[in-house]
$ cat run-v9.cif   # mmCIF, C-alpha atoms
data_work
#
loop_
_atom_site.label_atom_id
_atom_site.label_comp_id
_atom_site.auth_asym_id
_atom_site.auth_seq_id
_atom_site.Cartn_x
_atom_site.Cartn_y
_atom_site.Cartn_z
CA THR A 1 70.26 169.33 -89.57
CA PHE A 2 66.63 170.37 -90.04
CA VAL A 3 63.11 169.09 -89.45
CA ASP A 4 60.66 168.73 -92.36
CA GLU A 5 58.20 166.20 -93.80
CA HIS A 6 61.13 164.14 -95.05
CA THR A 7 63.05 163.91 -91.75
CA ILE A 8 60.54 164.16 -88.92
CA LEU A 9 59.49 160.49 -88.92
CA ASN A 10 63.10 159.29 -89.00
CA LEU A 11 64.02 161.60 -86.16
CA LYS A 12 61.12 160.40 -84.02
CA GLU A 13 61.94 156.77 -84.79
CA GLY A 14 65.52 157.40 -83.66
CA GLU A 15 64.54 159.00 -80.39
CA GLU A 16 64.18 155.71 -78.53
CA GLU A 17 67.51 154.41 -79.91
CA TRP A 18 69.18 157.67 -78.88
CA GLU A 19 68.39 156.95 -75.25
CA LYS A 20 70.14 153.58 -75.50
CA LEU A 21 73.40 155.14 -76.72
CA SER A 22 76.32 155.87 -74.44
CA LYS A 23 77.15 159.42 -73.56
CA GLU A 24 80.22 159.15 -75.72
CA SER A 25 78.21 158.07 -78.75
CA GLN A 26 75.63 160.83 -78.22
CA ASP A 27 78.41 163.39 -78.03
CA ASP A 28 79.93 162.05 -81.18
CA ILE A 29 76.62 162.37 -83.07
CA ASP A 30 76.04 165.88 -81.77
CA GLN A 31 79.59 166.81 -82.86
CA GLN A 32 78.87 165.60 -86.38
CA LEU A 33 75.62 167.54 -86.41
CA ASP A 34 77.38 170.67 -85.20
CA VAL A 35 79.93 170.35 -87.96
CA ALA A 36 77.14 170.00 -90.51
CA LYS A 37 75.27 172.97 -89.07
CA LYS A 38 76.58 175.05 -86.23
CA GLY A 39 74.59 174.64 -82.99
CA THR A 40 72.57 171.62 -84.16
CA THR A 41 72.01 168.80 -81.67
CA PHE A 42 69.89 165.67 -81.83
CA LYS A 43 67.84 166.76 -78.79
CA GLY A 44 67.32 170.14 -80.44
CA LEU A 45 65.97 168.45 -83.57
CA ILE A 46 63.68 166.26 -81.47
CA LYS A 47 62.40 169.31 -79.61
CA GLU A 48 61.64 171.04 -82.86
CA ALA A 49 59.87 167.94 -84.18
CA ASP A 50 57.86 167.62 -80.96
CA GLN A 51 56.76 171.25 -81.26
CA ILE A 52 55.48 170.68 -84.78
CA ILE A 53 53.77 167.44 -83.80
CA GLY A 54 52.21 169.07 -80.71
CA VAL A 55 50.75 171.90 -82.76
CA LEU A 56 49.37 169.43 -85.28
CA GLU A 57 47.91 167.16 -82.60
CA ASP A 58 46.01 170.08 -81.11
CA PHE A 59 44.85 171.13 -84.57
CA ALA A 60 43.79 167.62 -85.57
CA ASN A 61 42.00 166.89 -82.30
CA LYS A 62 40.05 170.12 -82.60
CA TYR A 63 39.14 170.04 -86.27
CA LEU A 64 40.10 166.87 -88.11
CA MET A 65 39.33 163.96 -85.83
CA LYS A 66 36.16 162.38 -84.50
CA ASN A 67 36.07 159.55 -81.99
CA ASN A 68 39.89 159.38 -82.14
CA SER A 69 39.86 158.71 -85.88
CA TRP A 70 40.88 160.94 -88.77
CA ILE A 71 38.03 162.43 -90.76
CA GLU A 72 38.16 160.87 -94.20
CA THR A 73 34.63 161.49 -95.46
CA ILE A 74 32.78 164.79 -95.15
CA ARG A 75 29.46 164.42 -93.33
CA PHE A 76 26.79 166.64 -91.80
CA ASP A 77 28.43 166.41 -88.37
CA ASN A 78 32.00 167.33 -89.41
CA TYR A 79 32.01 169.64 -92.45
CA GLU A 80 31.63 172.83 -90.44
CA LYS A 81 34.60 171.94 -88.20
CA VAL A 82 36.78 171.27 -91.23
CA ILE A 83 35.81 174.61 -92.77
CA GLU A 84 36.38 176.36 -89.45
CA SER A 85 39.94 174.94 -89.37
CA LYS A 86 41.00 176.93 -92.45
CA THR A 87 41.79 180.08 -90.49
CA THR A 88 44.27 178.22 -88.28
CA TRP A 89 45.63 176.19 -91.18
CA ASP A 90 46.55 179.37 -93.04
CA THR A 91 48.82 180.40 -90.15
CA PHE A 92 50.98 177.25 -90.53
CA ASP A 93 54.23 177.30 -92.45
CA ALA A 94 54.81 174.96 -95.38
CA THR A 95 56.70 172.40 -93.25
CA THR A 96 53.91 172.10 -90.69
CA LYS A 97 51.32 171.68 -93.46
CA ALA A 98 53.43 169.04 -95.20
CA VAL A 99 53.96 167.10 -91.97
CA LEU A 100 50.20 166.96 -91.32
CA ASP A 101 49.61 165.28 -94.66
CA LEU A 102 51.97 162.48 -93.59
CA PHE A 103 49.37 161.38 -91.06
CA GLN A 104 46.18 161.84 -93.14
CA LYS A 105 44.92 159.44 -95.78
CA LYS A 106 43.41 162.45 -97.57
CA SER A 107 45.40 165.67 -97.86
CA TYR A 108 44.09 168.62 -95.91
CA GLU A 109 43.44 170.70 -99.02
CA LYS A 110 41.35 167.94 -100.60
CA LEU A 111 39.47 167.37 -97.36
CA TYR A 112 38.83 171.09 -96.98
CA GLN A 113 37.61 171.43 -100.58
CA SER A 114 35.23 168.52 -100.05
CA ALA A 115 33.84 170.32 -96.99
CA VAL A 116 33.41 173.54 -98.96
CA ASN A 117 31.58 171.73 -101.75
CA TYR A 118 29.35 170.02 -99.18
CA GLN A 119 28.60 173.31 -97.44
CA THR A 120 27.85 175.05 -100.75
CA LYS A 121 25.29 172.41 -101.64
CA ILE A 122 23.57 172.65 -98.26
CA GLN A 123 23.65 176.45 -98.20
CA LYS A 124 22.24 176.66 -101.72
CA PHE A 125 19.26 174.52 -100.72
CA VAL A 126 18.67 176.41 -97.47
CA GLU A 127 18.98 179.84 -99.08
CA GLU A 128 16.72 178.96 -102.01
CA TYR A 129 13.94 177.17 -100.15
CA LEU A 130 14.26 177.67 -96.40
CA THR A 131 15.15 181.34 -95.98
CA ASP A 132 12.87 184.37 -95.79
CA GLU A 133 13.31 188.01 -94.82
CA ASN A 134 13.81 186.91 -91.19
CA GLY A 135 16.58 184.43 -91.98
CA ILE A 136 16.35 180.64 -91.82
CA ILE A 137 12.68 179.63 -91.59
CA LYS A 138 11.51 178.56 -88.15
CA GLU A 139 7.78 178.33 -88.86
CA VAL A 140 5.45 178.29 -91.83
CA THR A 141 3.87 181.60 -92.87
CA GLN A 142 1.92 182.93 -95.82
CA LYS A 143 5.12 184.41 -97.23
CA ASN A 144 7.26 181.26 -97.09
CA TYR A 145 5.00 178.21 -97.47
CA ILE A 146 5.30 178.15 -101.27
CA SER A 147 9.10 178.23 -101.06
CA ILE A 148 9.06 175.29 -98.65
CA ILE A 149 6.80 173.27 -100.94
CA ASN A 150 8.91 174.14 -103.99
CA GLY A 151 11.94 172.62 -102.28
CA LYS A 152 10.47 169.12 -102.03
CA THR A 153 11.97 167.76 -105.27
CA ALA A 154 15.42 169.13 -104.48
CA TYR A 155 15.20 167.78 -100.92
CA ASP A 156 14.32 164.32 -102.16
CA GLU A 157 17.41 164.39 -104.38
CA LEU A 158 19.68 164.93 -101.37
CA ASN A 159 21.21 161.86 -99.76
CA THR A 160 20.39 160.93 -96.18
CA ASP A 161 23.47 162.65 -94.79
CA GLU A 162 22.81 165.87 -96.72
CA ARG A 163 19.23 165.91 -95.45
CA ALA A 164 20.60 165.63 -91.93
CA ALA A 165 22.77 168.69 -92.66
CA VAL A 166 19.73 170.63 -93.84
CA ASN A 167 17.79 169.70 -90.72
CA ALA A 168 20.76 170.67 -88.57
CA LYS A 169 20.53 174.15 -90.11
CA LEU A 170 16.84 174.32 -89.22
CA LYS A 171 17.72 173.35 -85.64
CA THR A 172 14.28 173.30 -83.99
CA VAL A 173 12.26 171.70 -86.79
CA SER A 174 12.81 169.27 -89.65
CA TYR A 175 12.18 169.94 -93.33
CA ASP A 176 9.66 167.08 -93.43
CA ALA A 177 7.70 168.72 -90.62
CA LEU A 178 7.82 172.11 -92.35
CA TYR A 179 6.73 170.56 -95.62
CA LYS A 180 3.78 168.79 -94.03
CA THR A 181 2.67 172.00 -92.35
CA ALA A 182 3.22 174.01 -95.54
CA CYS A 183 1.01 171.63 -97.52
CA SER A 184 -1.73 172.12 -94.97
CA TRP A 185 -1.23 175.88 -95.01
CA GLU A 186 -1.25 175.86 -98.81
CA LYS A 187 -4.94 174.96 -98.70
CA VAL A 188 -5.49 177.59 -96.02
CA TYR A 189 -3.84 180.39 -97.96
CA ASP A 190 -5.37 179.30 -101.27
CA PHE A 191 -8.81 179.53 -99.63
CA ILE A 192 -8.01 182.96 -98.20
CA LYS A 193 -6.69 184.17 -101.56
CA LYS A 194 -9.80 183.00 -103.42
CA TYR A 195 -12.50 184.02 -100.96
CA ILE A 196 -11.24 186.48 -98.35
CA SER A 197 -8.67 188.69 -100.10
CA ASP A 198 -8.65 191.47 -102.65
CA ASP A 199 -6.50 191.52 -105.78
CA GLU A 200 -3.58 192.99 -103.80
CA GLY A 201 -3.69 190.22 -101.19
CA ASN A 202 -5.26 192.32 -98.41
CA TYR A 203 -7.55 190.34 -96.13
CA PHE A 204 -11.17 191.47 -95.90
CA ILE A 205 -11.94 193.02 -92.54
CA ALA A 206 -15.57 193.89 -93.33
CA VAL A 207 -18.35 192.70 -95.61
CA THR A 208 -19.12 195.06 -98.49
CA ALA A 209 -21.26 195.08 -101.60
CA GLY A 210 -18.09 194.41 -103.53
CA ASN A 211 -16.97 191.29 -101.63
CA TYR A 212 -19.99 189.58 -100.07
CA LYS A 213 -20.55 187.25 -103.02
CA GLN A 214 -16.85 186.34 -103.03
CA ILE A 215 -17.00 185.53 -99.31
CA LEU A 216 -20.15 183.44 -99.72
CA SER A 217 -18.75 181.46 -102.65
CA GLY A 218 -16.26 179.78 -100.32
CA ASN A 219 -19.05 177.94 -98.53
CA GLU A 220 -21.64 177.39 -101.22
CA TYR A 221 -22.26 174.00 -102.78
CA PRO A 222 -19.95 172.36 -103.58
CA SER A 223 -18.42 173.83 -100.42
CA GLU A 224 -14.66 174.21 -100.41
CA TRP A 225 -14.90 175.28 -96.76
CA GLU A 226 -16.38 171.93 -95.81
CA SER A 227 -13.59 170.10 -97.65
CA LEU A 228 -11.02 171.59 -95.27
CA THR A 229 -10.00 169.94 -92.03
CA GLU A 230 -11.17 171.40 -88.75
CA THR A 231 -7.60 172.53 -88.08
CA GLN A 232 -7.43 174.33 -91.42
CA ARG A 233 -10.78 176.03 -90.81
CA ASN A 234 -9.59 177.17 -87.38
CA GLN A 235 -6.40 178.52 -88.95
CA ILE A 236 -8.42 180.48 -91.50
CA ASP A 237 -10.65 181.89 -88.77
CA GLU A 238 -7.62 182.92 -86.71
CA LEU A 239 -6.26 184.85 -89.68
CA THR A 240 -9.45 186.28 -91.19
CA GLN A 241 -12.53 185.63 -89.01
CA TYR A 242 -14.10 183.96 -92.03
CA THR A 243 -16.98 182.39 -90.12
CA ALA A 244 -18.10 185.78 -88.82
CA LEU A 245 -17.66 187.40 -92.24
CA PHE A 246 -19.69 184.62 -93.86
CA THR A 247 -22.55 185.17 -91.40
CA VAL A 248 -22.66 188.90 -92.20
CA ALA A 249 -22.37 188.21 -95.94
CA GLN A 250 -25.28 185.74 -95.74
CA GLU A 251 -27.38 188.37 -93.96
CA MET A 252 -26.57 190.87 -96.71
CA LYS A 253 -27.53 188.35 -99.39
CA ASP A 254 -30.83 187.64 -97.63
CA ASN A 255 -31.59 191.35 -97.19
CA VAL A 256 -30.84 192.04 -100.83
CA LYS A 257 -33.09 189.19 -101.95
CA VAL A 258 -35.96 190.29 -99.69
CA PHE A 259 -35.73 193.85 -100.97
CA ILE A 260 -35.38 192.88 -104.63
CA ASP A 261 -38.26 190.41 -104.42
CA GLY A 262 -40.46 192.90 -102.57
CA HIS A 263 -39.56 196.20 -104.22
CA GLY A 264 -37.23 195.64 -107.11
CA GLY A 265 -39.67 193.72 -109.24
CA ASN A 266 -38.16 191.48 -111.84
CA LYS A 267 -34.96 193.58 -111.95
CA LYS A 268 -36.01 195.11 -115.27
CA LEU A 269 -36.95 198.50 -113.84
CA LYS A 270 -34.83 200.92 -115.79
CA LYS A 271 -37.01 203.96 -115.19
CA ALA A 272 -39.98 204.99 -113.06
CA ASN A 273 -43.19 205.44 -115.05
CA LYS A 274 -46.94 205.77 -114.53
CA ASP A 275 -47.25 202.01 -113.96
CA THR A 276 -44.38 201.57 -111.51
CA TYR A 277 -43.86 204.78 -109.59
CA ILE A 278 -46.25 203.88 -106.76
CA TYR A 279 -44.66 200.43 -106.50
CA ILE A 280 -41.22 202.04 -106.26
CA LEU A 281 -42.31 204.57 -103.66
CA GLU A 282 -43.76 201.83 -101.49
CA GLY A 283 -40.23 200.46 -101.15
CA GLU A 284 -38.77 203.69 -99.80
CA PRO A 285 -39.17 202.87 -96.06
CA ALA A 286 -37.50 199.50 -96.58
CA TRP A 287 -34.77 201.16 -98.65
CA ASN A 288 -34.05 203.69 -95.93
CA ALA A 289 -33.73 200.88 -93.39
CA LEU A 290 -30.91 199.23 -95.35
CA SER A 291 -27.26 199.88 -94.57
CA ASP A 292 -25.21 201.77 -97.15
CA GLU A 293 -23.39 198.61 -98.18
CA CYS A 294 -26.67 196.71 -98.53
CA LYS A 295 -28.02 199.53 -100.70
CA ASN A 296 -24.94 199.23 -102.90
CA ALA A 297 -25.50 195.48 -103.12
CA VAL A 298 -29.12 196.03 -104.18
CA ASN A 299 -28.03 198.47 -106.86
CA GLN A 300 -25.65 195.88 -108.26
CA GLU A 301 -28.70 193.74 -109.03
CA LEU A 302 -30.70 196.51 -110.76
CA PRO A 303 -30.22 198.08 -114.20
CA THR A 304 -30.88 201.48 -112.60
CA ALA A 305 -29.83 202.41 -109.07
CA TYR A 306 -32.80 202.33 -106.70
CA GLN A 307 -32.19 205.86 -105.42
CA VAL A 308 -32.45 207.05 -109.02
CA LEU A 309 -35.74 205.20 -109.43
CA LEU A 310 -36.96 206.80 -106.19
CA SER A 311 -36.00 210.24 -107.42
CA GLN A 312 -37.84 209.65 -110.67
CA ALA A 313 -40.89 208.29 -108.84
CA HIS A 314 -40.98 211.29 -106.51
CA GLU A 315 -40.66 213.61 -109.47
CA LEU A 316 -43.65 211.94 -111.13
CA LYS A 317 -45.73 211.95 -107.95
CA ASP A 318 -44.79 215.39 -106.67
CA GLY A 319 -44.86 217.07 -110.08
CA SER A 320 -48.26 215.61 -110.92
CA ALA A 321 -49.72 216.51 -107.52
CA ALA A 322 -48.33 220.04 -107.77
CA PHE A 323 -49.92 220.48 -111.22
CA VAL A 324 -53.33 219.41 -109.97
CA LYS A 325 -53.02 221.69 -106.92
CA ASN A 326 -51.84 224.71 -108.90
CA TYR A 327 -54.17 224.52 -111.89
CA VAL A 328 -57.18 222.29 -111.09
CA THR A 329 -57.81 222.87 -107.37
CA GLY A 330 -59.68 225.65 -105.61
CA ALA A 331 -58.61 227.63 -102.57
CA ASP A 332 -60.66 225.24 -100.47
CA GLY A 333 -58.46 222.36 -101.61
CA VAL A 334 -61.19 220.72 -103.65
CA VAL A 335 -60.40 219.56 -107.18
CA TYR A 336 -62.55 221.16 -109.85
CA LYS A 337 -65.03 218.73 -111.29
CA ASN A 338 -66.22 221.03 -114.05
CA VAL A 339 -65.14 224.22 -115.81
CA THR A 340 -66.75 227.44 -114.60
CA LYS A 341 -66.23 231.11 -115.37
CA ALA A 342 -64.56 231.36 -111.97
CA ASN A 343 -61.94 228.65 -112.60
CA GLN A 344 -61.46 228.57 -116.35
CA THR A 345 -58.54 231.04 -116.33
CA GLN A 346 -56.72 229.00 -113.65
CA ILE A 347 -57.27 225.78 -115.60
CA ILE A 348 -56.11 227.27 -118.92
CA SER A 349 -52.99 228.80 -117.27
CA GLY A 350 -51.56 225.32 -116.73
CA TYR A 351 -51.64 224.34 -120.37
CA THR A 352 -48.12 225.58 -121.18
CA THR A 353 -46.77 223.52 -118.30
CA TRP A 354 -48.89 220.55 -119.38
CA GLU A 355 -47.35 220.53 -122.85
CA LYS A 356 -43.83 220.32 -121.36
CA MET A 357 -44.68 217.30 -119.23
CA SER A 358 -43.95 213.70 -120.15
CA SER A 359 -46.77 211.40 -121.20
CA ASP A 360 -46.30 209.51 -117.90
CA GLN A 361 -46.86 212.71 -115.88
CA GLN A 362 -49.88 213.63 -117.96
CA ASP A 363 -51.40 210.17 -117.47
CA ILE A 364 -50.81 210.37 -113.72
CA ILE A 365 -52.45 213.82 -113.59
CA ASP A 366 -55.45 212.52 -115.46
CA GLU A 367 -55.65 209.58 -113.07
CA LEU A 368 -55.56 211.93 -110.06
CA LEU A 369 -58.29 214.10 -111.58
CA ILE A 370 -60.55 211.15 -112.32
CA GLN A 371 -60.00 209.76 -108.81
CA ALA A 372 -61.17 213.16 -107.48
CA GLY A 373 -64.36 212.99 -109.61
CA SER A 374 -63.10 215.39 -112.28
CA LYS A 375 -62.23 214.89 -115.95
CA PRO A 376 -58.96 214.33 -117.82
CA TYR A 377 -57.09 217.64 -118.10
CA GLU A 378 -57.40 218.00 -121.87
CA GLN A 379 -61.16 217.40 -121.59
CA LEU A 380 -61.26 220.30 -119.11
CA ILE A 381 -59.32 222.41 -121.62
CA GLU A 382 -61.87 221.60 -124.30
CA ASP A 383 -64.67 222.51 -121.91
CA THR A 384 -63.11 225.92 -121.30
#
$ encode --input "run-v9.cif" --output "structure tokens"
Amino acid sequence: TFVDEHTILNLKEGEEEWEKLSKESQDDIDQQLDVAKKGTTFKGLIKEADQIIGVLEDFANKYLMKNNSWIETIRFDNYEKVIESKTTWDTFDATTKAVLDLFQKKSYEKLYQSAVNYQTKIQKFVEEYLTDENGIIKEVTQKNYISIINGKTAYDELNTDERAAVNAKLKTVSYDALYKTACSWEKVYDFIKKYISDDEGNYFIAVTAGNYKQILSGNEYPSEWESLTETQRNQIDELTQYTALFTVAQEMKDNVKVFIDGHGGNKKLKKANKDTYIYILEGEPAWNALSDECKNAVNQELPTAYQVLLSQAHELKDGSAAFVKNYVTGADGVVYKNVTKANQTQIISGYTTWEKMSSDQQDIIDELLIQAGSKPYEQLIEDT
């Protein structure tokens, strides 16, 4: 009197026999069914069974069959369909669900759980290694290449079918292709990090006193730059213009060396004195011709900044010259060679200033006086 998983197969098996019965026999059966349950007929039961079977056929064809065969093993090309079927499955009543399991070798719930477990494994791999802020990775970038490389061990532990599922998620590229590219980019980004980036990962856009040695070190013997492939070098240049930066950095290095060798002495100049001030001043035109960054680079090589040395040298030169002019030079601009009654007061008036001067300034003054045919200042004082 009802259709369920226990009766539906018997009913369908009896359908063909029913058609062979006489009208009288059919009526007799329907009468017995009506007595058992008011309004029940064999055709009515068959109709109900056909409705259940029709719904299940549509469901199975859409979600649970491939190439006219029931899905028994979850694979990369069927797990998503099985999972998708759950929404429809949940709308079925208990009888419909039970009838479906009559036709499957593996119950729907077990099949579905297998699909969920399969999906979870694939999603975990994709989310951990092949996803960035833009979603599933489509191309290798500086932000994702390490993640791709880190996934290699886990990828190798997947079976062939699971790898196919991962690649299906990637759609336009395979993991193997991403990994190969990432390994190449690893060398690219490692080079950039070591030679063309600051501590915060910002790429250098200009050569400075603070980075030119770092830039140069990428292509100095043994050259890491030369160990890269042409493709990798082109990739680095596209991202950072390293070749151009290196050229500018080399020019800065050369300019620094030329200046240091010509005007910085042996790099031990800590202070201008009577022996070095002229040497320092001779470098001033070359110093002024340097860029600000090149000046900074020069100063990095000296114990005392060159502009400080220049200031000290000018102080020695200008202070000494001013002393000679103020106290040992006549109105005609000629340095006194001897003490006279006319100049002795002027000469003596400089003695207080003289005593406050450094020994270097005093020596320079004496040198200027002797060069002008005069005597050392203290000898002039004695003569007065």
$ residues_around --input "run-v9.cif" --residues "A:Ile381" --least-positions-apart "2" --cutoff "12 Å" --atoms "all atoms listed in the file" --output "short mmCIF file (atom, residue, chain, number, x, y, z; two decimals) with C-alpha atoms, in the frame of the given file"
data_model
loop_
_atom_site.label_atom_id
_atom_site.label_comp_id
_atom_site.auth_asym_id
_atom_site.auth_seq_id
_atom_site.Cartn_x
_atom_site.Cartn_y
_atom_site.Cartn_z
CA TYR A 327 -54.17 224.52 -111.89
CA VAL A 328 -57.18 222.29 -111.09
CA ASN A 338 -66.22 221.03 -114.05
CA VAL A 339 -65.14 224.22 -115.81
CA THR A 340 -66.75 227.44 -114.60
CA ASN A 343 -61.94 228.65 -112.60
CA GLN A 344 -61.46 228.57 -116.35
CA THR A 345 -58.54 231.04 -116.33
CA GLN A 346 -56.72 229.00 -113.65
CA ILE A 347 -57.27 225.78 -115.60
CA ILE A 348 -56.11 227.27 -118.92
CA SER A 349 -52.99 228.80 -117.27
CA GLY A 350 -51.56 225.32 -116.73
CA TYR A 351 -51.64 224.34 -120.37
CA THR A 352 -48.12 225.58 -121.18
CA TRP A 354 -48.89 220.55 -119.38
CA LYS A 375 -62.23 214.89 -115.95
CA PRO A 376 -58.96 214.33 -117.82
CA TYR A 377 -57.09 217.64 -118.10
CA GLU A 378 -57.40 218.00 -121.87
CA GLN A 379 -61.16 217.40 -121.59
CA ASP A 383 -64.67 222.51 -121.91
CA THR A 384 -63.11 225.92 -121.30
#
$ residues_around --input "run-v9.cif" --residues "A:Ala322" --least-positions-apart "3" --cutoff "12 Å" --atoms "only C-alpha atoms" --output "PyMOL selection string"
chain A and resi 314-319+325-329+350+353-354+361+364-365+368
$ closest_residue --input "run-v9.cif" --among "A:Thr247, A:Arg163, A:Glu282, A:Val3" --to "A:Val99" --atoms "all atoms listed in the file"
A:Val3
$ residues_around --input "run-v9.cif" --residues "stretch 83-94 of chain A" --least-positions-apart "6" --cutoff "7 Å" --atoms "all atoms listed in the file" --output "PyMOL selection string"
chain A and resi 63+112+115-116
$ closest_residue --input "run-v9.cif" --among "A:Glu226, A:Gly39, A:Ala60, A:Ala154" --to "A:Tyr108" --atoms "only C-alpha atoms"
A:Ala60
$ closest_residue --input "run-v9.cif" --among "A:Asn273, A:Gln362, A:Thr95, A:Thr73" --to "A:Ile52" --atoms "only C-alpha atoms"
A:Thr95
$ closest_residue --input "run-v9.cif" --among "A:Gly151, A:Gly262, A:Pro285, A:Gly201" --to "A:Leu310" --atoms "all atoms listed in the file"
A:Pro285
$ atom_distance --input "run-v9.cif" --atom1 "atom CA of A:Leu56" --atom2 "atom CA of A:Thr120"
27.1 Å
$ atom_distance --input "run-v9.cif" --atom1 "atom CA of A:Leu111" --atom2 "atom CA of A:Thr153"
28.6 Å
$ build_atoms --input "run-v9.cif" --residues "stretch 2-15 of chain A" --atoms "N, CA and C atoms" --output "mmCIF file, in the frame of the given file"
data_model
loop_
_atom_site.group_PDB
_atom_site.id
_atom_site.type_symbol
_atom_site.label_atom_id
_atom_site.label_comp_id
_atom_site.auth_asym_id
_atom_site.auth_seq_id
_atom_site.Cartn_x
_atom_site.Cartn_y
_atom_site.Cartn_z
ATOM 1 N N PHE A 2 67.874 169.594 -90.028
ATOM 2 C CA PHE A 2 66.630 170.370 -90.040
ATOM 3 C C PHE A 2 65.459 169.378 -89.955
ATOM 4 N N VAL A 3 64.314 169.916 -89.569
ATOM 5 C CA VAL A 3 63.110 169.090 -89.450
ATOM 6 C C VAL A 3 62.140 169.488 -90.570
ATOM 7 N N ASP A 4 61.711 168.502 -91.361
ATOM 8 C CA ASP A 4 60.660 168.730 -92.360
ATOM 9 C C ASP A 4 59.917 167.423 -92.555
ATOM 10 N N GLU A 5 58.994 167.387 -93.577
ATOM 11 C CA GLU A 5 58.200 166.200 -93.800
ATOM 12 C C GLU A 5 59.034 164.984 -94.194
ATOM 13 N N HIS A 6 60.270 165.241 -94.638
ATOM 14 C CA HIS A 6 61.130 164.140 -95.050
ATOM 15 C C HIS A 6 61.940 163.568 -93.893
ATOM 16 N N THR A 7 62.153 164.330 -92.842
ATOM 17 C CA THR A 7 63.050 163.910 -91.750
ATOM 18 C C THR A 7 62.349 163.630 -90.436
ATOM 19 N N ILE A 8 61.146 164.191 -90.245
ATOM 20 C CA ILE A 8 60.540 164.160 -88.920
ATOM 21 C C ILE A 8 60.246 162.746 -88.440
ATOM 22 N N LEU A 9 59.798 161.857 -89.340
ATOM 23 C CA LEU A 9 59.490 160.490 -88.920
ATOM 24 C C LEU A 9 60.760 159.736 -88.545
ATOM 25 N N ASN A 10 61.825 159.932 -89.332
ATOM 26 C CA ASN A 10 63.100 159.290 -89.000
ATOM 27 C C ASN A 10 63.626 159.752 -87.659
ATOM 28 N N LEU A 11 63.535 161.055 -87.430
ATOM 29 C CA LEU A 11 64.020 161.600 -86.160
ATOM 30 C C LEU A 11 63.257 160.995 -84.982
ATOM 31 N N LYS A 12 61.900 160.935 -85.125
ATOM 32 C CA LYS A 12 61.120 160.400 -84.020
ATOM 33 C C LYS A 12 61.366 158.909 -83.820
ATOM 34 N N GLU A 13 61.610 158.187 -84.919
ATOM 35 C CA GLU A 13 61.940 156.770 -84.790
ATOM 36 C C GLU A 13 63.277 156.576 -84.083
ATOM 37 N N GLY A 14 64.194 157.534 -84.264
ATOM 38 C CA GLY A 14 65.520 157.400 -83.660
ATOM 39 C C GLY A 14 65.585 157.854 -82.225
ATOM 40 N N GLU A 15 64.519 158.454 -81.749
ATOM 41 C CA GLU A 15 64.540 159.000 -80.390
ATOM 42 C C GLU A 15 64.744 157.914 -79.341
#
